[in-house]
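Novice: What follows is data_11.json, made up of JSON, C-alpha atoms:
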```json
[["chain", "number", "residue", "atom", "x", "y", "z"],
["P", 1, "MET", "CA", -50.83, 43.68, 24.19],
["P", 2, "THR", "CA", -51.59, 46.38, 26.78],
["P", 3, "MET", "CA", -52.44, 44.76, 30.10],
["P", 4, "HIS", "CA", -53.48, 46.14, 33.45],
["P", 5, "ASN", "CA", -53.25, 45.00, 37.04],
["P", 6, "VAL", "CA", -56.30, 43.03, 38.14],
["P", 7, "ASN", "CA", -56.56, 45.21, 41.24],
["P", 8, "THR", "CA", -56.38, 48.43, 39.26],
["P", 9, "LEU", "CA", -59.18, 48.49, 36.76],
["P", 10, "PRO", "CA", -58.84, 50.93, 33.88],
["P", 11, "THR", "CA", -61.10, 53.93, 33.66],
["P", 12, "SER", "CA", -63.61, 54.04, 30.82],
["P", 13, "SER", "CA", -61.36, 56.36, 28.81],
["P", 14, "ALA", "CA", -58.34, 54.13, 29.44],
["P", 15, "ALA", "CA", -60.35, 51.05, 28.45],
["P", 16, "LEU", "CA", -61.38, 52.71, 25.18],
["P", 17, "SER", "CA", -57.73, 53.57, 24.60],
["P", 18, "ASN", "CA", -56.83, 49.93, 25.29],
["P", 19, "ILE", "CA", -59.11, 48.83, 22.47],
["P", 20, "TRP", "CA", -57.07, 50.85, 19.99],
["P", 21, "LYS", "CA", -53.74, 49.82, 21.50],
["P", 22, "ASN", "CA", -54.75, 46.16, 21.34],
["P", 23, "ARG", "CA", -56.19, 46.35, 17.84],
["P", 24, "ASN", "CA", -53.83, 43.62, 16.59],
["P", 25, "LEU", "CA", -54.98, 41.30, 19.37],
["P", 26, "LEU", "CA", -58.57, 42.20, 18.56],
["P", 27, "LYS", "CA", -57.97, 41.32, 14.91],
["P", 28, "GLN", "CA", -56.66, 37.91, 15.97],
["P", 29, "LEU", "CA", -59.71, 37.36, 18.18],
["P", 30, "TRP", "CA", -62.02, 38.36, 15.32],
["P", 31, "MET", "CA", -60.32, 35.97, 12.90],
["P", 32, "ARG", "CA", -60.32, 33.10, 15.38],
["P", 33, "ASP", "CA", -63.97, 33.69, 16.27],
["P", 34, "PHE", "CA", -64.96, 33.78, 12.61],
["P", 35, "SER", "CA", -62.96, 30.71, 11.58],
["P", 36, "THR", "CA", -64.12, 28.69, 14.61],
["P", 37, "ARG", "CA", -67.73, 29.04, 13.53],
["P", 38, "TYR", "CA", -67.10, 27.29, 10.22],
["P", 39, "LYS", "CA", -63.98, 25.15, 10.61],
["P", 40, "ASN", "CA", -65.81, 21.89, 11.43],
["P", 41, "GLY", "CA", -68.33, 22.21, 8.63],
["P", 42, "VAL", "CA", -67.94, 20.39, 5.32],
["P", 43, "LEU", "CA", -68.55, 23.61, 3.39],
["P", 44, "GLY", "CA", -66.56, 25.82, 5.78],
["P", 45, "VAL", "CA", -66.85, 29.56, 5.28],
["P", 46, "ALA", "CA", -69.11, 28.97, 2.29],
["P", 47, "TRP", "CA", -71.92, 28.90, 4.86],
["P", 48, "ALA", "CA", -71.42, 32.64, 5.30],
["P", 49, "LEU", "CA", -72.80, 32.98, 1.75],
["P", 50, "LEU", "CA", -75.22, 30.05, 1.77],
["P", 51, "ASN", "CA", -77.06, 31.15, 4.92],
["P", 52, "PRO", "CA", -78.30, 34.49, 3.52],
["P", 53, "LEU", "CA", -79.05, 32.86, 0.16],
["P", 54, "MET", "CA", -81.24, 30.21, 1.80],
["P", 55, "MET", "CA", -82.90, 32.83, 3.98],
["P", 56, "LEU", "CA", -83.63, 34.94, 0.89],
["P", 57, "ALA", "CA", -85.11, 31.94, -0.94],
["P", 58, "LEU", "CA", -87.22, 30.84, 2.03],
["P", 59, "TYR", "CA", -88.74, 34.22, 2.83],
["P", 60, "SER", "CA", -89.31, 34.95, -0.84],
["P", 61, "PHE", "CA", -91.21, 31.69, -1.30],
["P", 62, "VAL", "CA", -93.35, 32.12, 1.83],
["P", 63, "PHE", "CA", -94.23, 35.80, 1.51],
["P", 64, "VAL", "CA", -94.36, 36.21, -2.26],
["P", 65, "PHE", "CA", -95.53, 32.90, -3.66],
["P", 66, "VAL", "CA", -97.55, 31.48, -0.74],
["P", 67, "PHE", "CA", -99.07, 34.56, 0.90],
["P", 68, "LYS", "CA", -98.81, 36.66, -2.29],
["P", 69, "MET", "CA", -98.05, 39.78, -0.28],
["P", 70, "ARG", "CA", -97.27, 43.20, -1.74],
["P", 71, "TRP", "CA", -95.23, 46.06, -0.28],
["P", 72, "GLY", "CA", -97.35, 49.06, 0.66],
["P", 73, "SER", "CA", -98.45, 51.29, -2.19],
["P", 74, "GLY", "CA", -95.27, 50.85, -4.23],
["P", 75, "PRO", "CA", -94.86, 48.91, -7.47],
["P", 76, "ASP", "CA", -96.54, 45.55, -7.07],
["P", 77, "THR", "CA", -93.71, 43.35, -8.29],
["P", 78, "LYS", "CA", -92.33, 40.23, -6.67],
["P", 79, "GLY", "CA", -88.77, 41.47, -7.14],
["P", 80, "ASN", "CA", -89.33, 44.76, -5.30],
["P", 81, "PHE", "CA", -90.99, 42.95, -2.43],
["P", 82, "VAL", "CA", -88.11, 40.49, -2.12],
["P", 83, "ILE", "CA", -85.46, 43.23, -2.08],
["P", 84, "LEU", "CA", -87.29, 45.39, 0.47],
["P", 85, "LEU", "CA", -87.99, 42.39, 2.70],
["P", 86, "PHE", "CA", -84.46, 41.01, 2.51],
["P", 87, "THR", "CA", -82.89, 44.38, 3.36],
["P", 88, "GLY", "CA", -84.87, 44.42, 6.60],
["P", 89, "LEU", "CA", -83.72, 40.89, 7.37],
["P", 90, "VAL", "CA", -80.09, 41.90, 6.83],
["P", 91, "VAL", "CA", -80.47, 44.71, 9.37],
["P", 92, "HIS", "CA", -82.07, 42.36, 11.89],
["P", 93, "GLY", "CA", -79.40, 39.73, 11.28],
["P", 94, "PHE", "CA", -76.68, 42.18, 12.33],
["P", 95, "PHE", "CA", -78.63, 42.93, 15.53],
["P", 96, "ALA", "CA", -79.31, 39.26, 16.29],
["P", 97, "GLU", "CA", -75.66, 38.29, 15.75],
["P", 98, "PHE", "CA", -74.55, 40.62, 18.53],
["P", 99, "ILE", "CA", -77.42, 40.36, 20.98],
["P", 100, "THR", "CA", -77.84, 36.59, 21.08],
["P", 101, "ARG", "CA", -74.13, 36.02, 21.68],
["P", 102, "ALA", "CA", -73.53, 38.87, 24.11],
["P", 103, "PRO", "CA", -74.57, 37.20, 27.42],
["P", 104, "GLN", "CA", -72.00, 34.41, 26.92],
["P", 105, "LEU", "CA", -69.07, 36.51, 25.72],
["P", 106, "VAL", "CA", -67.59, 36.81, 29.22],
["P", 107, "THR", "CA", -68.87, 33.55, 30.72],
["P", 108, "GLY", "CA", -67.68, 31.63, 27.68],
["P", 109, "ASN", "CA", -64.17, 33.05, 28.04],
["P", 110, "ALA", "CA", -63.71, 32.58, 31.79],
["P", 111, "SER", "CA", -60.00, 31.80, 31.40],
["P", 112, "TYR", "CA", -59.41, 35.37, 30.21],
["P", 113, "VAL", "CA", -61.09, 36.65, 33.37],
["P", 114, "LYS", "CA", -59.58, 34.34, 35.99],
["P", 115, "LYS", "CA", -56.19, 33.18, 34.75],
["P", 116, "VAL", "CA", -54.84, 35.91, 32.52],
["P", 117, "VAL", "CA", -54.60, 39.67, 32.86],
["P", 118, "PHE", "CA", -56.57, 40.40, 29.72],
["P", 119, "PRO", "CA", -58.23, 43.55, 28.31],
["P", 120, "LEU", "CA", -61.79, 42.32, 28.83],
["P", 121, "GLU", "CA", -63.24, 45.29, 26.96],
["P", 122, "LEU", "CA", -62.28, 43.44, 23.75],
["P", 123, "LEU", "CA", -64.69, 40.55, 24.35],
["P", 124, "PRO", "CA", -67.96, 42.27, 23.34],
["P", 125, "LEU", "CA", -66.23, 43.28, 20.10],
["P", 126, "MET", "CA", -65.50, 39.67, 19.12],
["P", 127, "PRO", "CA", -68.74, 39.05, 17.16],
["P", 128, "LEU", "CA", -68.13, 42.20, 15.11],
["P", 129, "LEU", "CA", -66.28, 40.54, 12.23],
["P", 130, "SER", "CA", -68.87, 37.79, 11.78],
["P", 131, "ALA", "CA", -71.69, 40.33, 11.93],
["P", 132, "LEU", "CA", -69.98, 42.65, 9.44],
["P", 133, "VAL", "CA", -69.16, 39.83, 7.02],
["P", 134, "ASN", "CA", -72.77, 38.63, 7.07],
["P", 135, "PHE", "CA", -74.01, 42.20, 6.66],
["P", 136, "VAL", "CA", -71.70, 42.90, 3.71],
["P", 137, "ILE", "CA", -72.69, 39.63, 2.02],
["P", 138, "GLY", "CA", -76.36, 40.43, 2.57],
["P", 139, "MET", "CA", -76.05, 43.93, 1.11],
["P", 140, "ALA", "CA", -74.00, 42.57, -1.81],
["P", 141, "LEU", "CA", -76.92, 40.25, -2.60],
["P", 142, "VAL", "CA", -79.27, 43.24, -2.42],
["P", 143, "CYS", "CA", -77.09, 45.13, -4.91],
["P", 144, "LEU", "CA", -76.96, 42.14, -7.27],
["P", 145, "LEU", "CA", -80.75, 41.85, -7.15],
["P", 146, "LEU", "CA", -81.08, 45.56, -7.88],
["P", 147, "VAL", "CA", -78.79, 45.31, -10.90],
["P", 148, "TYR", "CA", -80.69, 42.26, -12.16],
["P", 149, "LEU", "CA", -84.17, 43.77, -11.67],
["P", 150, "GLN", "CA", -83.57, 47.48, -12.21],
["P", 151, "GLY", "CA", -80.32, 47.62, -14.13],
["P", 152, "SER", "CA", -78.39, 49.68, -11.56],
["P", 153, "VAL", "CA", -77.86, 50.55, -7.92],
["P", 154, "PRO", "CA", -78.98, 54.02, -6.72],
["P", 155, "PHE", "CA", -76.12, 56.49, -6.27],
["P", 156, "THR", "CA", -77.45, 57.13, -2.75],
["P", 157, "ILE", "CA", -75.83, 53.84, -1.75],
["P", 158, "VAL", "CA", -72.77, 55.98, -0.93],
["P", 159, "PHE", "CA", -74.61, 57.07, 2.22],
["P", 160, "LEU", "CA", -74.72, 53.48, 3.47],
["P", 161, "PRO", "CA", -71.76, 53.83, 5.90],
["P", 162, "LEU", "CA", -73.39, 56.89, 7.49],
["P", 163, "VAL", "CA", -76.48, 54.81, 8.21],
["P", 164, "VAL", "CA", -74.65, 51.71, 9.44],
["P", 165, "ALA", "CA", -72.11, 53.45, 11.73],
["P", 166, "PRO", "CA", -74.58, 54.70, 14.39],
["P", 167, "TYR", "CA", -76.42, 51.38, 14.20],
["P", 168, "ALA", "CA", -73.21, 49.48, 14.94],
["P", 169, "LEU", "CA", -72.51, 51.83, 17.85],
["P", 170, "MET", "CA", -76.01, 51.27, 19.24],
["P", 171, "VAL", "CA", -75.77, 47.49, 19.00],
["P", 172, "LEU", "CA", -72.26, 47.49, 20.44],
["P", 173, "GLY", "CA", -73.50, 49.42, 23.47],
["P", 174, "LEU", "CA", -76.23, 46.83, 24.00],
["P", 175, "SER", "CA", -73.62, 44.09, 23.59],
["P", 176, "TYR", "CA", -71.47, 45.55, 26.38],
["P", 177, "PHE", "CA", -74.52, 45.82, 28.64],
["P", 178, "PHE", "CA", -75.72, 42.25, 28.00],
["P", 179, "ALA", "CA", -72.19, 40.80, 28.20],
["P", 180, "ALA", "CA", -71.74, 42.22, 31.69],
["P", 181, "THR", "CA", -75.25, 41.43, 32.89],
["P", 182, "GLY", "CA", -75.03, 37.88, 31.54],
["P", 183, "VAL", "CA", -72.27, 37.10, 34.04],
["P", 184, "PHE", "CA", -74.63, 37.69, 36.96],
["P", 185, "VAL", "CA", -77.98, 36.75, 35.37],
["P", 186, "ARG", "CA", -77.50, 33.50, 33.49],
["P", 187, "ASP", "CA", -81.15, 33.41, 32.36],
["P", 188, "LEU", "CA", -80.35, 36.37, 30.13],
["P", 189, "THR", "CA", -79.05, 33.92, 27.53],
["P", 190, "HIS", "CA", -82.61, 32.69, 27.02],
["P", 191, "VAL", "CA", -84.19, 36.14, 27.25],
["P", 192, "VAL", "CA", -82.14, 37.72, 24.47],
["P", 193, "GLY", "CA", -83.42, 35.23, 21.92],
["P", 194, "ILE", "CA", -86.95, 36.38, 22.70],
["P", 195, "VAL", "CA", -85.83, 40.02, 22.59],
["P", 196, "SER", "CA", -84.32, 39.47, 19.15],
["P", 197, "THR", "CA", -87.56, 37.96, 17.84],
["P", 198, "ILE", "CA", -89.67, 40.75, 19.33],
["P", 199, "ALA", "CA", -87.31, 43.32, 17.80],
["P", 200, "MET", "CA", -87.93, 41.83, 14.35],
["P", 201, "PHE", "CA", -91.72, 41.75, 14.58],
["P", 202, "ALA", "CA", -91.96, 45.14, 16.32],
["P", 203, "SER", "CA", -90.11, 46.93, 13.52],
["P", 204, "PRO", "CA", -90.75, 47.31, 9.77],
["P", 205, "VAL", "CA", -88.55, 44.34, 8.88],
["P", 206, "LEU", "CA", -91.35, 42.18, 7.49],
["P", 207, "PHE", "CA", -93.81, 44.93, 6.58],
["P", 208, "PRO", "CA", -93.81, 48.58, 5.44],
["P", 209, "LEU", "CA", -94.05, 51.18, 8.18],
["P", 210, "GLU", "CA", -96.93, 52.86, 6.37],
["P", 211, "ASN", "CA", -99.09, 49.80, 7.09],
["P", 212, "VAL", "CA", -98.92, 50.53, 10.82],
["P", 213, "PRO", "CA", -101.65, 52.86, 12.16],
["P", 214, "GLU", "CA", -100.19, 56.31, 12.81],
["P", 215, "ASP", "CA", -101.09, 56.20, 16.49],
["P", 216, "PHE", "CA", -98.86, 53.16, 16.96],
["P", 217, "ARG", "CA", -95.88, 54.14, 14.80],
["P", 218, "ILE", "CA", -94.30, 56.18, 17.59],
["P", 219, "TYR", "CA", -93.90, 52.98, 19.62],
["P", 220, "LEU", "CA", -92.05, 51.27, 16.80],
["P", 221, "TYR", "CA", -89.50, 54.09, 16.79],
["P", 222, "ALA", "CA", -88.44, 53.00, 20.27],
["P", 223, "ASN", "CA", -87.08, 49.89, 18.54],
["P", 224, "PRO", "CA", -83.42, 50.40, 17.52],
["P", 225, "LEU", "CA", -84.10, 48.63, 14.22],
["P", 226, "THR", "CA", -86.90, 50.85, 12.90],
["P", 227, "VAL", "CA", -84.99, 53.97, 11.85],
["P", 228, "ILE", "CA", -82.12, 51.97, 10.37],
["P", 229, "VAL", "CA", -84.38, 49.64, 8.37],
["P", 230, "GLU", "CA", -86.20, 52.64, 6.88],
["P", 231, "GLN", "CA", -82.99, 54.59, 6.21],
["P", 232, "LEU", "CA", -81.21, 51.62, 4.68],
["P", 233, "ARG", "CA", -84.07, 50.95, 2.28],
["P", 234, "ASP", "CA", -84.10, 54.61, 1.32],
["P", 235, "VAL", "CA", -80.42, 54.88, 0.46],
["P", 236, "SER", "CA", -79.81, 51.42, -1.00],
["P", 237, "ILE", "CA", -83.06, 50.70, -2.86],
["P", 238, "LEU", "CA", -85.36, 53.69, -3.23],
["P", 239, "GLY", "CA", -82.69, 56.23, -4.19],
["P", 240, "ASN", "CA", -83.54, 58.66, -1.39],
["P", 241, "ALA", "CA", -81.00, 60.54, 0.69],
["P", 242, "PRO", "CA", -81.06, 59.80, 4.42],
["P", 243, "ASP", "CA", -83.46, 61.66, 6.66],
["P", 244, "TRP", "CA", -80.67, 63.66, 8.26],
["P", 245, "TRP", "CA", -82.69, 64.82, 11.24],
["P", 246, "SER", "CA", -83.79, 61.27, 12.13],
["P", 247, "LEU", "CA", -80.26, 60.01, 11.60],
["P", 248, "LEU", "CA", -78.84, 62.74, 13.85],
["P", 249, "ILE", "CA", -81.27, 61.89, 16.64],
["P", 250, "TYR", "CA", -80.50, 58.19, 16.23],
["P", 251, "THR", "CA", -76.75, 58.86, 16.35],
["P", 252, "ALA", "CA", -77.14, 60.83, 19.58],
["P", 253, "ALA", "CA", -79.24, 58.02, 21.07],
["P", 254, "ALA", "CA", -76.66, 55.45, 19.94],
["P", 255, "ALA", "CA", -73.88, 57.42, 21.65],
["P", 256, "VAL", "CA", -75.89, 57.47, 24.88],
["P", 257, "VAL", "CA", -76.65, 53.74, 24.70],
["P", 258, "PHE", "CA", -72.99, 52.96, 24.04],
["P", 259, "ALA", "CA", -71.87, 55.17, 26.94],
["P", 260, "ILE", "CA", -74.32, 53.47, 29.31],
["P", 261, "GLY", "CA", -73.47, 49.96, 28.12],
["P", 262, "PHE", "CA", -69.71, 50.50, 28.23],
["P", 263, "SER", "CA", -69.87, 52.23, 31.64],
["P", 264, "TRP", "CA", -71.96, 49.36, 33.01],
["P", 265, "PHE", "CA", -69.40, 46.87, 31.71],
["P", 266, "GLN", "CA", -66.59, 48.80, 33.37],
["P", 267, "ALA", "CA", -68.48, 49.17, 36.65],
["P", 268, "THR", "CA", -69.29, 45.46, 36.95],
["P", 269, "ARG", "CA", -66.14, 43.85, 35.56],
["P", 270, "LYS", "CA", -64.45, 43.79, 38.96],
["P", 271, "GLY", "CA", -67.00, 41.19, 40.05],
["P", 272, "PHE", "CA", -66.60, 38.89, 37.03],
["P", 273, "ALA", "CA", -63.85, 36.73, 38.55],
["P", 274, "ASP", "CA", -65.78, 36.23, 41.80],
["P", 275, "VAL", "CA", -68.86, 34.94, 39.98],
["P", 276, "LEU", "CA", -67.01, 32.81, 37.44]]
```
Translate this file's structure into structure tokens.
Specialist:
Amino acid sequence: MTMHNVNTLPTSSAALSNIWKNRNLLKQLWMRDFSTRYKNGVLGVAWALLNPLMMLALYSFVFVFVFKMRWGSGPDTKGNFVILLFTGLVVHGFFAEFITRAPQLVTGNASYVKKVVFPLELLPLMPLLSALVNFVIGMALVCLLLVYLQGSVPFTIVFLPLVVAPYALMVLGLSYFFAATGVFVRDLTHVVGIVSTIAMFASPVLFPLENVPEDFRIYLYANPLTVIVEQLRDVSILGNAPDWWSLLIYTAAAAVVFAIGFSWFQATRKGFADVL
């Protein structure tokens, strides 16, 4: 493990380098974080599969069978609605996994800050494995539904990593920002839950973007979920290639958000021990 003197904080570039140098330690943290979530449950890691299945069943029942909703102007079938809806929920789940845990990533690991010389830049990365596992399981369910209902998965699914990568970078930048800020503003723990809910309802997770009046759509694009939800549905369900221009702009924005979040984490980390 690469360590540094507590009085000599690493530069941002050195901290990024530390992440790669400490990748084995990060892997151990990921595995411990993931196993800790399920070790005391009777069903253990099976909950990683059961949670999205129950969510799929619940939302399908409420929106399709109770409210009898349809998806935009597309084919009016219950199966298509379920797949399109669930894909949006998978995207939001990845966001919520990071954001709701971020404010407590440093405060919940105070021993790493106060007692051990530890590469703190690894902490906001800890939820990554859980988020990725849940995302992969969710998308696997989407693919199974597609095969069952349509007989195949669109070949454009190969573009999925290109859509997810900038999204992960964006959310990771927010995670660094909230992890650092949460040390000094403890109320942030409560605020992020509200932010996560607003992010879901202010993006086309539960409804098609075309249902939103054109004058208001521009505001939804300020939401980091909107572009990714639309792009993910295109490549994984509708068989459309990504909107490369939108994806390029989103990637640039994600890089900026990550740079700001990581820089803020580096700038404030020297005060973590004093507060904790």
Novice: Between P:His92, P:Pro213, P:Ile137, P:Arg269, which residue has the minimum interatomic distance to Phe201 in chain P, considering only C-alpha atoms?
Specialist: P:His92
Novice: Can you tell me how far CA of Met200 in chain P sits from CA of Ser263 in chain P, in Å to one decimal?
Specialist: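 CA of Ser263 in chain P lies at a distance of 27.1 Å from CA of Met200 in chain P.
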Novice: How far is it from CA of Leu206 in chain P to CA of Leu84 in chain P, in Å with one decimal?
Specialist: 8.7 Å
Novice: Tell me which protein, DNA and RNA residues are within 12 Å of Leu149 in chain P, counting all atoms listed in the file, leaving out same-chain ones fewer than 2 positions away, and put them as a PDB file with C-alpha atoms, keeping the file's coordinate frame.
Specialist:
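Wrote result.pdb, looks like this:
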```pdb
ATOM      1  CA  THR P  77     -93.710  43.350  -8.290  1.00  0.00           C
ATOM      2  CA  LYS P  78     -92.330  40.230  -6.670  1.00  0.00           C
ATOM      3  CA  GLY P  79     -88.770  41.470  -7.140  1.00  0.00           C
ATOM      4  CA  ASN P  80     -89.330  44.760  -5.300  1.00  0.00           C
ATOM      5  CA  PHE P  81     -90.990  42.950  -2.430  1.00  0.00           C
ATOM      6  CA  VAL P  82     -88.110  40.490  -2.120  1.00  0.00           C
ATOM      7  CA  ILE P  83     -85.460  43.230  -2.080  1.00  0.00           C
ATOM      8  CA  VAL P 142     -79.270  43.240  -2.420  1.00  0.00           C
ATOM      9  CA  CYS P 143     -77.090  45.130  -4.910  1.00  0.00           C
ATOM     10  CA  LEU P 144     -76.960  42.140  -7.270  1.00  0.00           C
ATOM     11  CA  LEU P 145     -80.750  41.850  -7.150  1.00  0.00           C
ATOM     12  CA  LEU P 146     -81.080  45.560  -7.880  1.00  0.00           C
ATOM     13  CA  VAL P 147     -78.790  45.310 -10.900  1.00  0.00           C
ATOM     14  CA  GLY P 151     -80.320  47.620 -14.130  1.00  0.00           C
ATOM     15  CA  SER P 152     -78.390  49.680 -11.560  1.00  0.00           C
ATOM     16  CA  VAL P 153     -77.860  50.550  -7.920  1.00  0.00           C
ATOM     17  CA  ILE P 237     -83.060  50.700  -2.860  1.00  0.00           C
TER      18      ILE P 237
END
```
Novice: Show me the residues around (-69.9, 35.8, 39.7) - criterion: an atom at most 12 Å away, all atoms listed in the file counted - as JSON, numbers by chain.
Specialist: {"P": [106, 107, 110, 113, 114, 180, 181, 182, 183, 184, 185, 186, 268, 269, 270, 271, 272, 273, 274, 275, 276]}
Novice: Tell me which of P:Ala179, P:Val256, P:Met55, P:Ile228 sits closest to Leu120 in chain P, counting all atoms listed in the file.
Specialist: P:Ala179
Novice: By how many Å are CA of Leu49 in chain P and CA of Val90 in chain P apart?
Specialist: 12.6 Å
Novice: Using all atoms listed in the file, pick whichever of P:Ala252, P:Tyr112, P:Leu220, P:Phe86 has the shortest atom-to-atom distance to Leu232 in chain P.
Specialist: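 Closest candidate: P:Phe86.
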Novice: Show me the residues close to (-74.7, 49.4, 20.2) - anything with an atom within 9 Å, counting all atoms listed in the file - and format the list as an NGL selection string.
Specialist: :P and (95 or 98 or 166-176 or 254-255 or 257-258 or 261)
Novice: Calculated over only C-alpha atoms, which of the candidates P:Gly88, P:Pro124, P:Pro208, P:Pro154 has the smallest distance to Leu225 in chain P?
Specialist: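 Under the stated criterion, the closest residue is P:Gly88.
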Novice: What's around Pro242 in chain P at 12 Å? Count all atoms listed in the file, leave out sequence neighbours fewer than 2 positions away in its own chain, and write the answer as a count of residues only.
Specialist: 29
Novice: Quick one: axis-aligned box around all listed atoms of range 191-194 of chain P, 4 Å on every side, centre and edge lengths in Å to one decimal, written as JSON.
Specialist:
```
{"center_x": -84.5, "center_y": 36.5, "center_z": 24.6, "size_x": 12.8, "size_y": 10.5, "size_z": 13.3}
```
Novice: Given all atoms listed in the file as the basis, pick out the residue of P:Leu53, P:Met139, P:Leu188, P:Leu122 nearest to Asn24 in chain P.
Specialist: P:Leu122
Novice: Compare P:Glu214, P:His190, P:Leu56, P:Tyr219 by their minimum atom-to-atom distance to Ala202 in chain P, counting all atoms listed in the file, and give me the closest one.
Specialist: P:Tyr219
Novice: Keeping just N, CA and C atoms, export range 173-189 of chain P of this structure as an mmCIF file, in the first residue's frame.
Specialist:
```cif
data_model
loop_
_atom_site.group_PDB
_atom_site.id
_atom_site.type_symbol
_atom_site.label_atom_id
_atom_site.label_comp_id
_atom_site.auth_asym_id
_atom_site.auth_seq_id
_atom_site.Cartn_x
_atom_site.Cartn_y
_atom_site.Cartn_z
ATOM 1 N N GLY P 173 -17.445 11.766 -9.409
ATOM 2 C CA GLY P 173 -17.096 13.139 -9.068
ATOM 3 C C GLY P 173 -18.017 13.706 -8.006
ATOM 4 N N LEU P 174 -19.316 13.445 -8.141
ATOM 5 C CA LEU P 174 -20.281 13.883 -7.128
ATOM 6 C C LEU P 174 -20.019 13.187 -5.797
ATOM 7 N N SER P 175 -19.619 11.921 -5.856
ATOM 8 C CA SER P 175 -19.327 11.166 -4.644
ATOM 9 C C SER P 175 -18.150 11.775 -3.884
ATOM 10 N N TYR P 176 -17.100 12.151 -4.594
ATOM 11 C CA TYR P 176 -15.957 12.807 -3.949
ATOM 12 C C TYR P 176 -16.389 14.118 -3.300
ATOM 13 N N PHE P 177 -17.207 14.878 -4.005
ATOM 14 C CA PHE P 177 -17.654 16.173 -3.477
ATOM 15 C C PHE P 177 -18.494 15.984 -2.214
ATOM 16 N N PHE P 178 -19.457 15.075 -2.257
ATOM 17 C CA PHE P 178 -20.340 14.865 -1.108
ATOM 18 C C PHE P 178 -19.611 14.191 0.051
ATOM 19 N N ALA P 179 -18.642 13.325 -0.249
ATOM 20 C CA ALA P 179 -17.878 12.662 0.811
ATOM 21 C C ALA P 179 -17.093 13.682 1.621
ATOM 22 N N ALA P 180 -16.478 14.641 0.932
ATOM 23 C CA ALA P 180 -15.712 15.682 1.619
ATOM 24 C C ALA P 180 -16.632 16.645 2.357
ATOM 25 N N THR P 181 -17.678 17.085 1.701
ATOM 26 C CA THR P 181 -18.593 18.051 2.307
ATOM 27 C C THR P 181 -19.320 17.449 3.500
ATOM 28 N N GLY P 182 -19.614 16.154 3.440
ATOM 29 C CA GLY P 182 -20.323 15.487 4.525
ATOM 30 C C GLY P 182 -19.560 15.479 5.836
ATOM 31 N N VAL P 183 -18.244 15.637 5.786
ATOM 32 C CA VAL P 183 -17.438 15.702 7.006
ATOM 33 C C VAL P 183 -17.764 16.971 7.784
ATOM 34 N N PHE P 184 -17.989 18.060 7.068
ATOM 35 C CA PHE P 184 -18.198 19.365 7.695
ATOM 36 C C PHE P 184 -19.675 19.726 7.840
ATOM 37 N N VAL P 185 -20.520 19.169 6.978
ATOM 38 C CA VAL P 185 -21.960 19.456 7.020
ATOM 39 C C VAL P 185 -22.685 18.124 7.218
ATOM 40 N N ARG P 186 -22.954 17.781 8.458
ATOM 41 C CA ARG P 186 -23.528 16.471 8.755
ATOM 42 C C ARG P 186 -24.970 16.335 8.246
ATOM 43 N N ASP P 187 -25.662 17.459 8.091
ATOM 44 C CA ASP P 187 -27.034 17.407 7.574
ATOM 45 C C ASP P 187 -27.092 16.911 6.133
ATOM 46 N N LEU P 188 -25.947 16.898 5.474
ATOM 47 C CA LEU P 188 -25.917 16.479 4.071
ATOM 48 C C LEU P 188 -26.419 15.047 3.907
ATOM 49 N N THR P 189 -26.235 14.242 4.945
ATOM 50 C CA THR P 189 -26.712 12.856 4.904
ATOM 51 C C THR P 189 -28.209 12.797 4.623
#
```
